[in-house]
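Asks: Below is the file query.pdb, with PDB, C-alpha atoms, pLDDT in the B column.
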MODEL        1
ATOM      1  CA  MET A  29       3.463 -10.316 -18.062  1.00 92.00           C
ATOM      2  CA  ASN A  30       1.506  -7.448 -16.462  1.00 97.00           C
ATOM      3  CA  LEU A  31       2.937  -6.051 -13.209  1.00 98.00           C
ATOM      4  CA  VAL A  32       1.562  -3.729 -10.524  1.00 98.00           C
ATOM      5  CA  ASP A  33       2.982  -1.631  -7.698  1.00 98.00           C
ATOM      6  CA  VAL A  34       0.205  -1.028  -5.168  1.00 98.00           C
ATOM      7  CA  HIS A  35       2.245   1.172  -2.838  1.00 98.00           C
ATOM      8  CA  ALA A  36       4.633   3.926  -3.900  1.00 98.00           C
ATOM      9  CA  HIS A  37       5.359   7.561  -2.990  1.00 98.00           C
ATOM     10  CA  LEU A  38       6.276   9.177  -6.298  1.00 98.00           C
ATOM     11  CA  GLU A  39       6.043  12.691  -4.880  1.00 96.00           C
ATOM     12  CA  PHE A  40       9.296  12.024  -3.007  1.00 95.00           C
ATOM     13  CA  PHE A  41      11.221  11.961  -6.298  1.00 97.00           C
ATOM     14  CA  SER A  42      12.297  15.116  -8.127  1.00 96.00           C
ATOM     15  CA  GLU A  43      10.298  15.880 -11.268  1.00 96.00           C
ATOM     16  CA  LYS A  44      13.147  14.806 -13.533  1.00 97.00           C
ATOM     17  CA  GLU A  45      13.778  11.655 -11.519  1.00 97.00           C
ATOM     18  CA  ARG A  46      10.070  10.800 -11.431  1.00 97.00           C
ATOM     19  CA  LYS A  47       9.777  10.858 -15.238  1.00 97.00           C
ATOM     20  CA  LEU A  48      12.694   8.442 -15.532  1.00 98.00           C
ATOM     21  CA  VAL A  49      11.306   6.192 -12.784  1.00 98.00           C
ATOM     22  CA  ILE A  50       7.904   5.986 -14.497  1.00 98.00           C
ATOM     23  CA  ALA A  51       9.514   5.368 -17.903  1.00 98.00           C
ATOM     24  CA  ARG A  52      11.498   2.457 -16.451  1.00 98.00           C
ATOM     25  CA  ALA A  53       8.331   1.061 -14.878  1.00 98.00           C
ATOM     26  CA  VAL A  54       6.490   1.181 -18.219  1.00 98.00           C
ATOM     27  CA  GLU A  55       9.462  -0.550 -19.859  1.00 98.00           C
ATOM     28  CA  LYS A  56       9.153  -3.380 -17.297  1.00 97.00           C
ATOM     29  CA  ARG A  57       5.416  -3.709 -18.098  1.00 98.00           C
ATOM     30  CA  VAL A  58       4.153  -2.212 -14.854  1.00 98.00           C
ATOM     31  CA  LYS A  59       0.523  -1.392 -15.666  1.00 98.00           C
ATOM     32  CA  ALA A  60      -0.398   0.523 -12.510  1.00 98.00           C
ATOM     33  CA  ILE A  61       1.359   2.399  -9.718  1.00 98.00           C
ATOM     34  CA  ILE A  62      -0.842   3.298  -6.774  1.00 98.00           C
ATOM     35  CA  ASN A  63       0.566   6.463  -5.284  1.00 98.00           C
ATOM     36  CA  ASN A  64      -0.105   6.542  -1.551  1.00 98.00           C
ATOM     37  CA  SER A  65      -0.587   9.850   0.239  1.00 98.00           C
ATOM     38  CA  VAL A  66       0.064  10.844   3.848  1.00 98.00           C
ATOM     39  CA  ASP A  67      -1.586  14.259   4.393  1.00 98.00           C
ATOM     40  CA  ALA A  68      -3.500  17.107   2.758  1.00 98.00           C
ATOM     41  CA  ASP A  69      -0.542  18.210   0.634  1.00 98.00           C
ATOM     42  CA  THR A  70       0.318  14.764  -0.724  1.00 98.00           C
ATOM     43  CA  ASN A  71      -3.351  13.940  -1.297  1.00 98.00           C
ATOM     44  CA  ARG A  72      -3.476  16.787  -3.783  1.00 98.00           C
ATOM     45  CA  LYS A  73      -0.107  15.899  -5.286  1.00 98.00           C
ATOM     46  CA  SER A  74      -1.296  12.329  -5.875  1.00 98.00           C
ATOM     47  CA  LEU A  75      -4.359  13.578  -7.725  1.00 98.00           C
ATOM     48  CA  LYS A  76      -2.139  15.779  -9.927  1.00 98.00           C
ATOM     49  CA  LEU A  77       0.267  12.906 -10.644  1.00 98.00           C
ATOM     50  CA  GLN A  78      -2.693  10.757 -11.634  1.00 97.00           C
ATOM     51  CA  GLU A  79      -3.759  13.413 -14.137  1.00 98.00           C
ATOM     52  CA  LYS A  80      -0.247  13.679 -15.557  1.00 97.00           C
ATOM     53  CA  PHE A  81       0.668   9.988 -15.848  1.00 98.00           C
ATOM     54  CA  GLU A  82      -1.802   7.382 -17.089  1.00 96.00           C
ATOM     55  CA  ILE A  83      -0.029   4.621 -15.157  1.00 98.00           C
ATOM     56  CA  VAL A  84      -0.508   6.385 -11.781  1.00 98.00           C
ATOM     57  CA  LYS A  85      -3.587   5.811  -9.617  1.00 98.00           C
ATOM     58  CA  ALA A  86      -4.148   7.963  -6.527  1.00 98.00           C
ATOM     59  CA  ALA A  87      -4.736   6.677  -3.012  1.00 98.00           C
ATOM     60  CA  LEU A  88      -5.660   9.350  -0.469  1.00 98.00           C
ATOM     61  CA  GLY A  89      -5.275   9.208   3.270  1.00 98.00           C
ATOM     62  CA  ILE A  90      -3.911  10.553   6.531  1.00 98.00           C
ATOM     63  CA  TYR A  91      -0.821   8.699   7.782  1.00 98.00           C
ATOM     64  CA  PRO A  92      -0.591   8.132  11.567  1.00 97.00           C
ATOM     65  CA  GLU A  93       2.361  10.485  12.114  1.00 96.00           C
ATOM     66  CA  ASN A  94       0.561  13.228  10.209  1.00 97.00           C
ATOM     67  CA  ALA A  95      -2.706  12.528  12.010  1.00 97.00           C
ATOM     68  CA  VAL A  96      -1.002  13.230  15.347  1.00 97.00           C
ATOM     69  CA  GLU A  97       0.325  16.558  14.054  1.00 96.00           C
ATOM     70  CA  MET A  98      -2.990  17.748  12.596  1.00 96.00           C
ATOM     71  CA  SER A  99      -5.796  19.370  14.576  1.00 96.00           C
ATOM     72  CA  TYR A 100      -9.151  17.597  14.679  1.00 95.00           C
ATOM     73  CA  SER A 101     -10.670  20.382  12.574  1.00 97.00           C
ATOM     74  CA  GLU A 102      -7.960  19.891   9.931  1.00 98.00           C
ATOM     75  CA  ILE A 103      -8.628  16.156   9.990  1.00 98.00           C
ATOM     76  CA  ASP A 104     -12.364  16.729   9.534  1.00 98.00           C
ATOM     77  CA  GLU A 105     -11.691  19.045   6.596  1.00 98.00           C
ATOM     78  CA  GLU A 106      -9.483  16.444   4.941  1.00 98.00           C
ATOM     79  CA  LEU A 107     -12.053  13.699   5.428  1.00 98.00           C
ATOM     80  CA  LYS A 108     -14.599  15.999   3.747  1.00 98.00           C
ATOM     81  CA  PHE A 109     -12.156  16.587   0.893  1.00 98.00           C
ATOM     82  CA  MET A 110     -11.768  12.844   0.387  1.00 98.00           C
ATOM     83  CA  LYS A 111     -15.511  12.280   0.492  1.00 98.00           C
ATOM     84  CA  ASN A 112     -16.157  15.088  -1.993  1.00 98.00           C
ATOM     85  CA  ASN A 113     -13.483  13.756  -4.370  1.00 98.00           C
ATOM     86  CA  SER A 114     -14.318  10.066  -4.005  1.00 97.00           C
ATOM     87  CA  SER A 115     -14.608   9.508  -7.748  1.00 97.00           C
ATOM     88  CA  LYS A 116     -11.023  10.668  -8.293  1.00 98.00           C
ATOM     89  CA  PHE A 117      -9.086   8.098  -6.236  1.00 98.00           C
ATOM     90  CA  VAL A 118      -8.958   4.312  -6.007  1.00 98.00           C
ATOM     91  CA  ALA A 119      -8.185   3.612  -2.335  1.00 98.00           C
ATOM     92  CA  PHE A 120      -7.546   5.025   1.122  1.00 98.00           C
ATOM     93  CA  GLY A 121      -3.825   4.961   1.784  1.00 97.00           C
ATOM     94  CA  GLU A 122      -1.527   5.236   3.510  1.00 98.00           C
ATOM     95  CA  ILE A 123      -3.541   4.905   6.705  1.00 98.00           C
ATOM     96  CA  GLY A 124      -3.120   2.924   9.906  1.00 98.00           C
ATOM     97  CA  LEU A 125      -1.229   2.956  13.196  1.00 98.00           C
ATOM     98  CA  ASP A 126       2.413   3.520  14.119  1.00 98.00           C
ATOM     99  CA  TYR A 127       3.509   2.762  17.671  1.00 97.00           C
ATOM    100  CA  GLU A 128       7.200   3.314  16.939  1.00 95.00           C
ATOM    101  CA  LYS A 129       7.236   6.934  15.773  1.00 88.00           C
ATOM    102  CA  ALA A 130       3.855   8.632  15.912  1.00 86.00           C
ATOM    103  CA  GLY A 131       2.824   8.930  19.583  1.00 91.00           C
ATOM    104  CA  ASP A 132      -0.730   9.714  20.829  1.00 96.00           C
ATOM    105  CA  LYS A 133      -2.164   6.252  20.235  1.00 97.00           C
ATOM    106  CA  GLN A 134      -5.756   7.294  20.904  1.00 97.00           C
ATOM    107  CA  LYS A 135      -5.697  10.040  18.293  1.00 98.00           C
ATOM    108  CA  GLN A 136      -4.144   7.659  15.783  1.00 98.00           C
ATOM    109  CA  GLN A 137      -6.887   5.159  16.531  1.00 98.00           C
ATOM    110  CA  ASP A 138      -9.635   7.758  16.120  1.00 98.00           C
ATOM    111  CA  VAL A 139      -8.321   8.930  12.754  1.00 98.00           C
ATOM    112  CA  PHE A 140      -7.733   5.378  11.550  1.00 98.00           C
ATOM    113  CA  GLU A 141     -11.266   4.310  12.459  1.00 98.00           C
ATOM    114  CA  ASN A 142     -12.765   7.444  10.886  1.00 98.00           C
ATOM    115  CA  GLN A 143     -11.010   6.643   7.612  1.00 98.00           C
ATOM    116  CA  LEU A 144     -12.085   2.995   7.735  1.00 98.00           C
ATOM    117  CA  GLU A 145     -15.677   4.105   8.258  1.00 98.00           C
ATOM    118  CA  LEU A 146     -15.480   6.430   5.264  1.00 98.00           C
ATOM    119  CA  ALA A 147     -13.813   3.719   3.155  1.00 98.00           C
ATOM    120  CA  ASN A 148     -16.706   1.390   3.984  1.00 97.00           C
ATOM    121  CA  LYS A 149     -19.249   4.016   2.968  1.00 97.00           C
ATOM    122  CA  LEU A 150     -17.425   4.692  -0.295  1.00 97.00           C
ATOM    123  CA  ARG A 151     -16.673   0.978  -0.865  1.00 96.00           C
ATOM    124  CA  LYS A 152     -12.977   1.572  -1.408  1.00 98.00           C
ATOM    125  CA  PRO A 153      -9.966  -0.571  -0.520  1.00 98.00           C
ATOM    126  CA  VAL A 154      -7.703   0.448   2.373  1.00 98.00           C
ATOM    127  CA  ILE A 155      -3.897   0.319   2.221  1.00 98.00           C
ATOM    128  CA  VAL A 156      -2.692  -0.032   5.785  1.00 98.00           C
ATOM    129  CA  HIS A 157       0.479   0.829   7.715  1.00 98.00           C
ATOM    130  CA  SER A 158       1.031  -1.080  10.965  1.00 98.00           C
ATOM    131  CA  ARG A 159       4.552  -0.495  12.318  1.00 97.00           C
ATOM    132  CA  LYS A 160       4.905  -1.956  15.831  1.00 97.00           C
ATOM    133  CA  ALA A 161       1.083  -1.999  15.996  1.00 98.00           C
ATOM    134  CA  GLU A 162       0.309  -5.071  13.924  1.00 98.00           C
ATOM    135  CA  LYS A 163      -1.988  -6.807  16.407  1.00 98.00           C
ATOM    136  CA  LYS A 164      -4.041  -3.670  17.068  1.00 98.00           C
ATOM    137  CA  VAL A 165      -4.307  -2.962  13.347  1.00 98.00           C
ATOM    138  CA  VAL A 166      -5.546  -6.456  12.508  1.00 98.00           C
ATOM    139  CA  GLU A 167      -8.064  -6.370  15.377  1.00 98.00           C
ATOM    140  CA  THR A 168      -9.312  -2.944  14.268  1.00 98.00           C
ATOM    141  CA  LEU A 169      -9.657  -4.040  10.646  1.00 98.00           C
ATOM    142  CA  ILE A 170     -11.582  -7.177  11.562  1.00 98.00           C
ATOM    143  CA  ARG A 171     -13.927  -5.139  13.753  1.00 97.00           C
ATOM    144  CA  SER A 172     -14.384  -2.497  11.021  1.00 97.00           C
ATOM    145  CA  GLY A 173     -15.842  -4.971   8.558  1.00 95.00           C
ATOM    146  CA  CYS A 174     -13.736  -3.604   5.695  1.00 95.00           C
ATOM    147  CA  LYS A 175     -13.867  -6.028   2.803  1.00 90.00           C
ATOM    148  CA  LYS A 176     -10.866  -4.894   0.757  1.00 98.00           C
ATOM    149  CA  VAL A 177      -7.785  -4.658   2.971  1.00 98.00           C
ATOM    150  CA  ILE A 178      -4.143  -4.477   1.899  1.00 98.00           C
ATOM    151  CA  LEU A 179      -1.547  -4.791   4.643  1.00 98.00           C
ATOM    152  CA  HIS A 180       1.495  -2.864   3.461  1.00 98.00           C
ATOM    153  CA  ALA A 181       4.952  -4.246   4.328  1.00 97.00           C
ATOM    154  CA  PHE A 182       3.440  -6.187   7.218  1.00 98.00           C
ATOM    155  CA  HIS A 183       5.917  -7.151   9.948  1.00 97.00           C
ATOM    156  CA  GLY A 184       3.585  -9.030  12.285  1.00 97.00           C
ATOM    157  CA  ASN A 185       4.366 -12.566  13.402  1.00 97.00           C
ATOM    158  CA  MET A 186       3.199 -15.540  11.353  1.00 97.00           C
ATOM    159  CA  LYS A 187       0.249 -16.195  13.680  1.00 97.00           C
ATOM    160  CA  LEU A 188      -1.048 -12.688  12.899  1.00 98.00           C
ATOM    161  CA  VAL A 189      -0.297 -13.189   9.219  1.00 98.00           C
ATOM    162  CA  LYS A 190      -2.473 -16.305   9.202  1.00 97.00           C
ATOM    163  CA  LEU A 191      -5.262 -14.547  11.123  1.00 97.00           C
ATOM    164  CA  ALA A 192      -5.274 -11.671   8.619  1.00 98.00           C
ATOM    165  CA  ALA A 193      -5.195 -14.048   5.669  1.00 97.00           C
ATOM    166  CA  ASP A 194      -8.062 -16.077   7.141  1.00 97.00           C
ATOM    167  CA  ASN A 195     -10.075 -12.842   7.183  1.00 97.00           C
ATOM    168  CA  GLY A 196      -9.413 -12.343   3.474  1.00 97.00           C
ATOM    169  CA  PHE A 197      -6.830  -9.571   3.818  1.00 98.00           C
ATOM    170  CA  PHE A 198      -4.171  -9.040   1.159  1.00 98.00           C
ATOM    171  CA  PHE A 199      -0.455  -8.521   1.769  1.00 98.00           C
ATOM    172  CA  SER A 200       1.641  -6.279  -0.471  1.00 98.00           C
ATOM    173  CA  ILE A 201       5.212  -7.560  -0.559  1.00 98.00           C
ATOM    174  CA  PRO A 202       7.953  -4.942  -1.026  1.00 98.00           C
ATOM    175  CA  SER A 203      10.965  -5.390  -3.251  1.00 97.00           C
ATOM    176  CA  ASN A 204      13.301  -5.753  -0.281  1.00 96.00           C
ATOM    177  CA  ILE A 205      12.036  -9.344  -0.167  1.00 98.00           C
ATOM    178  CA  LEU A 206      15.316 -10.045  -1.929  1.00 96.00           C
ATOM    179  CA  ARG A 207      17.121  -9.425   1.374  1.00 95.00           C
ATOM    180  CA  SER A 208      14.351  -9.979   3.937  1.00 97.00           C
ATOM    181  CA  SER A 209      13.806 -13.456   5.374  1.00 97.00           C
ATOM    182  CA  HIS A 210      10.572 -12.196   6.994  1.00 97.00           C
ATOM    183  CA  PHE A 211       8.926 -11.357   3.657  1.00 98.00           C
ATOM    184  CA  GLN A 212      10.282 -14.560   2.130  1.00 98.00           C
ATOM    185  CA  LYS A 213       8.597 -16.547   4.902  1.00 98.00           C
ATOM    186  CA  MET A 214       5.350 -14.631   4.388  1.00 98.00           C
ATOM    187  CA  VAL A 215       5.301 -15.487   0.696  1.00 98.00           C
ATOM    188  CA  GLU A 216       5.970 -19.110   1.566  1.00 98.00           C
ATOM    189  CA  ILE A 217       2.917 -19.428   3.838  1.00 97.00           C
ATOM    190  CA  ILE A 218       0.383 -17.036   2.233  1.00 97.00           C
ATOM    191  CA  ASP A 219      -1.843 -18.228  -0.581  1.00 97.00           C
ATOM    192  CA  LEU A 220      -1.046 -16.547  -3.879  1.00 98.00           C
ATOM    193  CA  LYS A 221      -4.635 -15.236  -4.008  1.00 97.00           C
ATOM    194  CA  ASN A 222      -3.803 -12.994  -1.024  1.00 98.00           C
ATOM    195  CA  LEU A 223      -0.570 -11.500  -2.376  1.00 98.00           C
ATOM    196  CA  LEU A 224       0.280  -8.254  -4.147  1.00 98.00           C
ATOM    197  CA  THR A 225       3.502  -6.464  -5.063  1.00 98.00           C
ATOM    198  CA  GLU A 226       4.699  -3.043  -3.948  1.00 98.00           C
ATOM    199  CA  THR A 227       7.930  -1.059  -3.687  1.00 98.00           C
ATOM    200  CA  ASP A 228       7.157   1.704  -1.155  1.00 98.00           C
ATOM    201  CA  ALA A 229       9.328   3.715  -3.547  1.00 98.00           C
ATOM    202  CA  PRO A 230      11.656   5.371  -2.768  1.00 97.00           C
ATOM    203  CA  TYR A 231      11.902   3.140   0.324  1.00 95.00           C
ATOM    204  CA  LEU A 232      12.190  -0.635   1.002  1.00 93.00           C
ATOM    205  CA  GLY A 233      14.202  -1.428  -2.113  1.00 92.00           C
ATOM    206  CA  PRO A 234      16.259  -4.535  -2.846  1.00 92.00           C
ATOM    207  CA  PHE A 235      19.541  -2.617  -2.736  1.00 91.00           C
ATOM    208  CA  GLU A 236      20.937  -0.839   0.297  1.00 85.00           C
ATOM    209  CA  CYS A 237      21.752   2.854  -0.203  1.00 84.00           C
ATOM    210  CA  LYS A 238      19.717   2.977  -3.427  1.00 92.00           C
ATOM    211  CA  LYS A 239      16.181   4.256  -3.888  1.00 96.00           C
ATOM    212  CA  SER A 240      13.440   1.778  -4.595  1.00 97.00           C
ATOM    213  CA  GLU A 241      11.272   2.266  -7.682  1.00 98.00           C
ATOM    214  CA  PRO A 242       8.224   0.596  -9.284  1.00 98.00           C
ATOM    215  CA  ALA A 243      10.280  -1.235 -11.926  1.00 98.00           C
ATOM    216  CA  TYR A 244      11.645  -3.398  -9.105  1.00 98.00           C
ATOM    217  CA  VAL A 245       8.376  -5.318  -8.779  1.00 98.00           C
ATOM    218  CA  GLU A 246       9.750  -7.529 -11.545  1.00 98.00           C
ATOM    219  CA  MET A 247      12.466  -8.689  -9.108  1.00 97.00           C
ATOM    220  CA  THR A 248       9.843  -9.338  -6.437  1.00 98.00           C
ATOM    221  CA  VAL A 249       7.816 -11.506  -8.800  1.00 98.00           C
ATOM    222  CA  LYS A 250      10.906 -13.534  -9.710  1.00 98.00           C
ATOM    223  CA  LYS A 251      11.748 -14.062  -6.031  1.00 98.00           C
ATOM    224  CA  MET A 252       8.172 -15.057  -5.254  1.00 98.00           C
ATOM    225  CA  ALA A 253       8.259 -17.538  -8.138  1.00 98.00           C
ATOM    226  CA  GLU A 254      11.430 -19.040  -6.719  1.00 98.00           C
ATOM    227  CA  ILE A 255       9.821 -19.397  -3.274  1.00 98.00           C
ATOM    228  CA  LYS A 256       6.530 -20.790  -4.593  1.00 98.00           C
ATOM    229  CA  GLN A 257       8.349 -22.974  -7.141  1.00 98.00           C
ATOM    230  CA  ILE A 258       6.154 -21.874 -10.015  1.00 97.00           C
ATOM    231  CA  THR A 259       6.770 -19.625 -13.007  1.00 98.00           C
ATOM    232  CA  SER A 260       7.072 -15.864 -12.813  1.00 98.00           C
ATOM    233  CA  GLU A 261       4.305 -15.643 -15.404  1.00 98.00           C
ATOM    234  CA  LYS A 262       1.883 -17.524 -13.163  1.00 98.00           C
ATOM    235  CA  ILE A 263       2.793 -15.315 -10.172  1.00 98.00           C
ATOM    236  CA  ALA A 264       2.379 -12.126 -12.197  1.00 98.00           C
ATOM    237  CA  LYS A 265      -0.958 -13.242 -13.662  1.00 98.00           C
ATOM    238  CA  GLN A 266      -2.459 -14.054 -10.248  1.00 98.00           C
ATOM    239  CA  ILE A 267      -1.178 -10.820  -8.677  1.00 98.00           C
ATOM    240  CA  TYR A 268      -2.602  -8.800 -11.555  1.00 98.00           C
ATOM    241  CA  ASN A 269      -5.930 -10.585 -11.122  1.00 98.00           C
ATOM    242  CA  ASN A 270      -5.811  -9.808  -7.382  1.00 98.00           C
ATOM    243  CA  TYR A 271      -5.210  -6.149  -8.241  1.00 98.00           C
ATOM    244  CA  LEU A 272      -8.162  -6.093 -10.650  1.00 97.00           C
ATOM    245  CA  GLU A 273     -10.411  -7.746  -8.046  1.00 95.00           C
ATOM    246  CA  LEU A 274      -9.520  -5.118  -5.438  1.00 96.00           C
ATOM    247  CA  PHE A 275      -9.518  -1.999  -7.558  1.00 93.00           C
ATOM    248  CA  LYS A 276     -12.236  -2.661 -10.153  1.00 81.00           C
TER     249      LYS A 276
ENDMDL
END
How does the structure come out when it is put into structure tokens?
Replies:
Amino acid sequence: MNLVDVHAHLEFFSEKERKLVIARAVEKRVKAIINNSVDADTNRKSLKLQEKFEIVKAALGIYPENAVEMSYSEIDEELKFMKNNSSKFVAFGEIGLDYEKAGDKQKQQDVFENQLELANKLRKPVIVHSRKAEKKVVETLIRSGCKKVILHAFHGNMKLVKLAADNGFFFSIPSNILRSSHFQKMVEIIDLKNLLTETDAPYLGPFECKKSEPAYVEMTVKKMAEIKQITSEKIAKQIYNNYLELFK
């Protein structure tokens, strides 16, 4: 049973902790961890982690909160960096909009659209954050014409979920599905061909007051199997195929 974690932040673990976390993931047969970045510093850290650990794949991007804090010249420089290093990473992430924390909605929108445009040119998937901005994010993605879209930990209503799914978007389900009725409902209504697993490690774990980690995708798969009333093996196989389709 091959497993994948399409959204983690391994740089937020200490070096010692990170080695243990990755070892536990390998033990659970996690074949890939996509490490999502948020700014210039983490973009470079993701590339280094990818070099150090075979299981890690880098996603580069500018997160909405960081986009607001950066100058437009810094943003342009980072977009150039991503373009010039396009062969070294597998996706743009974590990008998107955040109407709860980030402020300056227009700047967020500009940076989001710039990254979507570059992703289209480079033919790379996008891994998208949408906190309190789900409708705007889905509308923007549809308009962008991006073909490979992953909605990370999506909290939009079920009408938006169906709209996104109808447009061929994927949904990465975090391991806190074990205690989230929202994600359980999403898995119930979304076709298995549109689902992926993630942990947002060290966040969104199944246990309160304990860091999430990539090994926990095994728990997510088991919960999804329970909801879909099919075997864990069938869930894992389809999710791994979805991963290969997106990131080949």
Asks: Any chance you could resolve the PyMOL selection byres ((chain A and resi 269-274) around 7) against this file and give the residues as a list of chain:residue names?
Replies: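 Selected by the PyMOL selection byres ((chain A and resi 269-274) around 7) here: A:Pro153, A:Lys176, A:Lys221, A:Lys265, A:Gln266, A:Ile267, A:Tyr268, A:Phe275, A:Lys276.
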Asks: Run through the PyMOL selection byres ((chain A and resi 81) around 12) on the given coordinates and return the selected residues as an MDAnalysis selection string.
Replies: chainID A and resid 38 46:47 49:51 53:54 59:63 74:80 82:86
Asks: Report as a ChimeraX atom specification the full result of the PyMOL selection byres ((chain A and resi 33) around 7) when it is applied to this structure.
Replies: /A:32,34-36,60-62,225-227,242,245
Asks: Between CA of His37 (chain A) and CA of Met186 (chain A), what is the distance, to one decimal in Å?
Replies: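 CA of Met186 (chain A) lies at a distance of 27.3 Å from CA of His37 (chain A).
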Asks: Counting all atoms listed in the file, figure out which residue out of A:Ile178, A:Ala192, A:Met252, A:Ala87 gets nearest to Lys213 (chain A).
Replies: A:Met252
Asks: Take CA of Val96 (chain A) and CA of Asn142 (chain A) and report the distance between them in Å, one decimal.
Replies: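 Result for CA of Val96 (chain A) versus CA of Asn142 (chain A): 13.8 Å, one decimal.
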Asks: Find, counting only C-alpha atoms, the residue in A:Glu55, A:Glu45, A:Asp69, A:Glu261 that gets nearest to Ala243 (chain A).
Replies: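 Of the candidates, the smallest distance to Ala243 (chain A) is held by A:Glu55.
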Asks: I need the residue nearest Asn195 (chain A) from this list: A:Glu216, A:Glu167, A:Glu236, A:Glu141. Use all atoms listed in the file for the distance.
Replies: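 Residue with the minimum atom-to-atom distance to Asn195 (chain A): A:Glu167.
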Asks: Just the number, please: distance in Å from CA of Asp228 (chain A) to CA of Arg72 (chain A), one decimal.
Replies: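 Between CA of Asp228 (chain A) and CA of Arg72 (chain A) the gap is 18.6 Å.
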Asks: Between A:Ala147, A:Val189, A:Ile255, A:Ile155, which has the minimum distance to Gly173 (chain A) (counting only C-alpha atoms)?
Replies: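 Going through A:Ala147, A:Val189, A:Ile255, A:Ile155 one by one, the smallest distance to Gly173 (chain A) is for A:Ala147.
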Asks: In terms of the shortest atom-to-atom distance over all atoms listed in the file, which of A:Asn222, A:Ser172, A:Ser99, A:Asn94 is closest to Ala193 (chain A)?
Replies: A:Asn222
Asks: Looking at A:Lys163, A:Arg52, A:Lys256, A:Lys190, which one is nearest to Gln212 (chain A), with distances taken over only C-alpha atoms?
Replies: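 Comparing A:Lys163, A:Arg52, A:Lys256, A:Lys190 against Gln212 (chain A), the winner is A:Lys256.
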Asks: Mind checking which residues fall within 12 Å of region 104-112 of chain A, counting all atoms listed in the file, ignoring those fewer than 2 positions away in the same chain, and posting them as an NGL selection string?
Replies: :A and (65-72 or 75 or 86-91 or 94-95 or 98-102 or 114-121 or 138-152)
Asks: Identify the residues within 12 Å of coordinate (-1.1, 4.2, 15.0) (same frame as the file), considering only C-alpha atoms, and give the answer as a PyMOL selection string.
Replies: chain A and resi 90-96+122-141+156-166+168
